[in-house]
Each structure stands twice: as structure tokens, then as C-alpha cells.
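**Q** Got a file for you: model_19.txt, compact mmCIF, C-alpha atoms.
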```txt
# COMPACT_ATOMS: atom_id res chain seq x y z
CA MET O 1 -20.38 14.85 -19.12
CA PHE O 2 -19.96 11.44 -20.74
CA THR O 3 -17.13 10.64 -23.16
CA VAL O 4 -16.27 7.39 -24.88
CA GLU O 5 -13.01 6.34 -26.51
CA SER O 6 -12.90 3.16 -28.51
CA ARG O 7 -10.08 1.07 -29.85
CA ASP O 8 -9.74 -2.37 -31.39
CA ILE O 9 -7.36 -4.85 -29.77
CA GLU O 10 -6.32 -7.75 -31.94
CA ILE O 11 -7.17 -10.41 -29.39
CA GLU O 12 -9.59 -12.39 -31.45
CA ARG O 13 -11.28 -9.19 -32.66
CA CYS O 14 -12.49 -8.02 -29.28
CA PRO O 15 -13.19 -4.27 -28.99
CA THR O 16 -12.34 -2.42 -25.81
CA ALA O 17 -13.94 0.89 -24.85
CA HIS O 18 -12.84 3.48 -22.32
CA PHE O 19 -15.66 5.30 -20.53
CA HIS O 20 -15.38 8.45 -18.49
CA PHE O 21 -18.40 9.59 -16.49
CA ILE O 22 -18.35 12.42 -13.93
CA GLY O 23 -14.73 11.93 -12.94
CA VAL O 24 -14.87 8.12 -12.94
CA SER O 25 -12.94 6.29 -15.62
CA PHE O 26 -13.16 2.61 -16.51
CA TRP O 27 -12.49 0.18 -19.35
CA TRP O 28 -15.06 -2.23 -20.71
CA LYS O 29 -14.14 -5.23 -22.78
CA CYS O 30 -16.57 -7.43 -24.66
CA PRO O 31 -16.64 -11.18 -24.01
CA VAL O 32 -13.99 -13.08 -25.92
CA PHE O 33 -15.26 -15.47 -28.57
CA PRO O 34 -12.84 -17.77 -30.36
CA ILE O 35 -12.58 -16.66 -33.97
CA SER O 36 -12.95 -20.29 -34.98
CA LEU O 37 -16.64 -19.95 -34.08
CA LEU O 38 -16.94 -17.43 -36.89
CA GLY O 39 -15.36 -19.83 -39.38
CA ALA O 40 -11.99 -18.09 -39.41
CA THR O 41 -8.62 -19.53 -38.54
CA PRO O 42 -5.93 -17.59 -36.72
CA ALA O 43 -2.99 -16.39 -38.81
CA PHE O 44 -0.57 -17.22 -35.98
CA LYS O 45 -0.46 -20.71 -34.54
CA PRO O 46 1.78 -21.15 -31.52
CA PRO O 47 4.28 -23.99 -31.80
CA PRO O 48 3.32 -27.17 -29.96
CA SER O 49 5.00 -27.29 -26.60
CA SER O 50 5.48 -29.84 -23.88
CA SER O 51 4.16 -27.31 -21.35
CA ALA O 52 0.58 -27.88 -22.49
CA ALA O 53 0.22 -30.65 -19.92
CA PRO O 54 1.61 -30.05 -16.44
CA SER O 55 4.85 -31.87 -15.88
CA SER O 56 5.02 -34.57 -13.25
CA GLY O 57 8.37 -33.29 -12.01
CA GLY O 58 9.18 -30.21 -10.05
CA PRO O 59 9.97 -29.41 -6.44
CA ILE O 60 6.52 -30.26 -5.06
CA GLU O 61 6.45 -33.65 -6.77
CA SER O 62 9.97 -34.29 -5.43
CA THR O 63 8.85 -33.38 -1.93
CA PHE O 64 5.87 -35.72 -2.12
CA ASN O 65 8.07 -38.52 -3.46
CA ALA O 66 10.28 -38.06 -0.39
CA ILE O 67 7.18 -38.02 1.85
CA ARG O 68 6.04 -41.31 0.32
CA GLY O 69 9.46 -42.72 1.17
CA VAL O 70 9.16 -42.00 4.90
CA ILE O 71 5.50 -42.75 5.61
CA ASN O 72 4.59 -46.19 6.83
CA GLU O 73 2.07 -47.95 9.08
CA ASP O 74 3.85 -46.72 12.24
CA VAL O 75 3.59 -43.08 11.11
CA VAL O 76 -0.08 -43.65 10.26
CA LYS O 77 -0.79 -45.17 13.72
CA LEU O 78 0.89 -42.22 15.45
CA THR O 79 -0.73 -39.50 13.33
CA GLN O 80 -4.27 -40.58 12.35
CA GLY O 81 -4.96 -37.56 10.16
CA ILE O 82 -5.62 -36.49 6.59
CA TYR O 83 -3.96 -33.31 5.34
CA GLN O 84 -4.84 -31.17 2.34
CA PHE O 85 -2.27 -28.69 0.99
CA ASP O 86 -3.59 -25.77 -1.04
CA LEU O 87 -0.43 -24.39 -2.63
CA SER O 88 -0.15 -21.07 -4.41
CA GLY O 89 2.69 -19.45 -6.31
CA GLU O 90 4.91 -20.89 -9.00
CA ASN O 91 3.91 -24.54 -8.41
CA LYS O 92 0.33 -24.05 -7.32
CA GLY O 93 -2.08 -26.93 -6.88
CA LEU O 94 -3.86 -29.20 -4.43
CA TRP O 95 -2.04 -32.08 -2.75
CA PHE O 96 -3.04 -34.49 0.00
CA LEU O 97 -1.37 -36.65 2.61
CA ASP O 98 -3.41 -39.50 4.09
CA LEU O 99 -1.93 -40.62 7.39
CA LYS O 100 -5.12 -42.26 8.59
CA SER O 101 -5.48 -45.50 6.64
CA GLY O 102 -3.24 -48.42 5.74
CA ALA O 103 0.40 -47.52 5.23
CA GLY O 104 -0.54 -43.96 4.25
CA SER O 105 -0.64 -42.30 0.87
CA ALA O 106 0.12 -38.97 -0.74
CA GLY O 107 -0.69 -37.45 -4.09
CA GLN O 108 -1.80 -34.58 -6.23
CA GLY O 109 -5.38 -33.35 -6.22
CA GLN O 110 -8.22 -33.28 -3.77
CA SER O 111 -8.05 -35.80 -0.94
CA PRO O 112 -10.33 -38.80 -1.62
CA VAL O 113 -11.89 -38.30 1.82
CA LYS O 114 -12.50 -35.10 3.77
CA ALA O 115 -9.28 -33.65 5.15
CA ASP O 116 -8.90 -33.12 8.90
CA VAL O 117 -6.46 -30.27 8.32
CA VAL O 118 -6.22 -27.87 5.36
CA MET O 119 -2.98 -25.93 5.00
CA ALA O 120 -2.67 -23.05 2.57
CA MET O 121 0.71 -21.59 1.66
CA ASP O 122 3.10 -20.65 -1.13
CA SER O 123 4.65 -23.64 -2.90
CA GLY O 124 8.18 -22.31 -2.31
CA ASP O 125 7.53 -22.05 1.44
CA PHE O 126 6.05 -25.57 1.39
CA SER O 127 9.28 -26.98 -0.07
CA LYS O 128 11.37 -25.04 2.44
CA MET O 129 9.21 -26.23 5.32
CA PHE O 130 9.53 -29.92 4.45
CA ALA O 131 13.27 -29.49 3.83
CA GLY O 132 13.70 -28.10 7.34
CA LYS O 133 14.63 -24.60 6.15
CA LEU O 134 11.41 -23.01 7.41
CA LYS O 135 9.94 -23.85 10.82
CA PRO O 136 6.19 -24.55 10.62
CA THR O 137 5.53 -22.51 13.77
CA MET O 138 7.33 -19.50 12.32
CA ALA O 139 5.52 -19.92 9.01
CA PHE O 140 2.19 -19.94 10.86
CA MET O 141 3.05 -16.99 13.12
CA SER O 142 4.27 -14.88 10.18
CA GLY O 143 1.15 -15.61 8.11
CA LYS O 144 2.96 -17.70 5.49
CA LEU O 145 0.99 -20.77 6.59
CA LYS O 146 -2.77 -20.72 7.12
CA ILE O 147 -4.33 -23.69 8.89
CA LYS O 148 -7.98 -24.75 8.99
CA GLY O 149 -9.10 -27.74 11.01
CA ASP O 150 -7.55 -29.78 13.81
CA MET O 151 -4.54 -27.88 15.19
CA THR O 152 -3.37 -30.93 17.17
CA LEU O 153 -3.02 -32.88 13.93
CA ALA O 154 -1.25 -29.94 12.34
CA LEU O 155 1.35 -30.10 15.13
CA LYS O 156 1.77 -33.86 14.62
CA LEU O 157 2.82 -33.20 11.05
CA GLU O 158 5.85 -31.30 12.33
CA LYS O 159 7.33 -34.63 13.46
CA LEU O 160 7.09 -35.94 9.91
CA MET O 161 8.80 -32.77 8.71
CA GLY O 162 11.67 -33.56 11.08
CA ARG O 163 12.08 -36.91 9.35
CA MET O 164 11.95 -35.15 5.99
CA SER O 165 14.80 -32.78 6.86
CA LYS O 166 16.90 -35.80 7.85
CA ALA O 167 16.15 -37.23 4.40
CA LYS O 168 17.75 -33.99 3.07
CA LEU O 169 15.30 -32.73 0.48
```
Render the structure in this file as C-alpha cells.
**A**
Amino acid sequence: MFTVESRDIEIERCPTAHFHFIGVSFWWKCPVFPISLLGATPAFKPPPSSSAAPSSGGPIESTFNAIRGVINEDVVKLTQGIYQFDLSGENKGLWFLDLKSGAGSAGQGQSPVKADVVMAMDSGDFSKMFAGKLKPTMAFMSGKLKIKGDMTLALKLEKLMGRMSKAKL
């Protein structure tokens, strides 16, 4: 037995069909084409908003500003590592911390050179960890922090986090 239901959804005129075949049910949706390709203009235009471009503020940016304030040539000499942070959640994104060259640097995006350590975690947990409210070891043991790369360098970062909590993020 094969039955088909069909309905039109007003998302740029894209039909959706429901198929049922021998007890298995699934939905199929056609590819979405912007109606502007067909020469039409949408009746509803959303108001322009400042959220179109990601804001430079936020808790992660604040954390990295504080990190920039405590890194220096001495920290770089003691650490000698490049860290990549792959953050998920509300403030997701890629960030890097270079504690291998010069006086160190930190910023948003992919690290300019290959990272020695890649840390993946929720952005909220990242902020808590650098503020001293979440211990890195506990975050790792509970699965909130995933680490790829040099574990010795990952442990060295904990010392920087101690400085960060004294800076009171």
C-alpha cells in the first residue's frame, strides 16, 4: 500500500509531501528556491535589524578581552602552545589563543597556524571556566570539555585560567 498526502507551505512556494509506504512514514520537501529567481518579490519584508551582522560584544568577546589583558611574553615563554576553542551553544564560534609567539595573541576565527590543542565545549561553560566557576578538570571528566591534541599544553592553560579568575570576569 502506498499513500501520498500533499500540502503547500507558504515558504517561498515550496510543496511538502507526506509519504506512507508499508508502515513507514516520512516527509519530503522540495529544494527551496528564492522567489526572486522567478521574478517575484516577497509581500513581507522583515525590518532591517542590527542582528544581521554578529555583534562584537557578548560574554565570549569579554572573556577574550580579559585574556588579552593578562597574556604577555612571560606567559608565552612558559606556555609555548596554540589553542583553538570550538564553542557551541548560544555564542557559538571559533576562537584562538596563541601563546607561542611574541607577546601572544587571541581572537575570533580559525587560528592562523595549526593549533596544538583543540578544545570543544559550550560557550556558557567556557565563560564559567575562565571566570573560575567551573574547574577545567571537572569539565573534562564530566564530558563538558572535549580536548584533542597535547594534553600537557591543555593543563598549562589552567594556570592562565587561575589568573583570569583573579581578574574577576
**Q** Return as JSON the box centre and box size in Å, one decimal, for an axis-aligned box around all listed atoms of range 132-149 of chain O padded by 6 Å per side.
**A**
```
{"center_x": 2.8, "center_y": -21.5, "center_z": 9.6, "size_x": 35.7, "size_y": 25.2, "size_z": 20.3}
```
**Q** Here is a test: counting all atoms listed in the file, which residue of O:Ile60, O:Ala139, O:Leu134, O:Val75 is nearest to Leu160 in chain O?
**A** O:Val75
**Q** Ranking O:Thr63, O:Met161, O:Asp150, O:Asp122 by minimum distance to Pro136 in chain O and counting all atoms listed in the file, which one comes first?
**A**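 Using all atoms listed in the file, Pro136 in chain O sits closest to O:Met161.
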**Q** Considering all atoms listed in the file, return as a PyMOL selection string whatever protein or nucleic-acid residues lie within 12 Å of Pro59 in chain O, sequence-local ones (same chain, fewer than 5 positions apart) excluded.
**A** chain O and resi 64-66+90-92+123-128+130-131+169
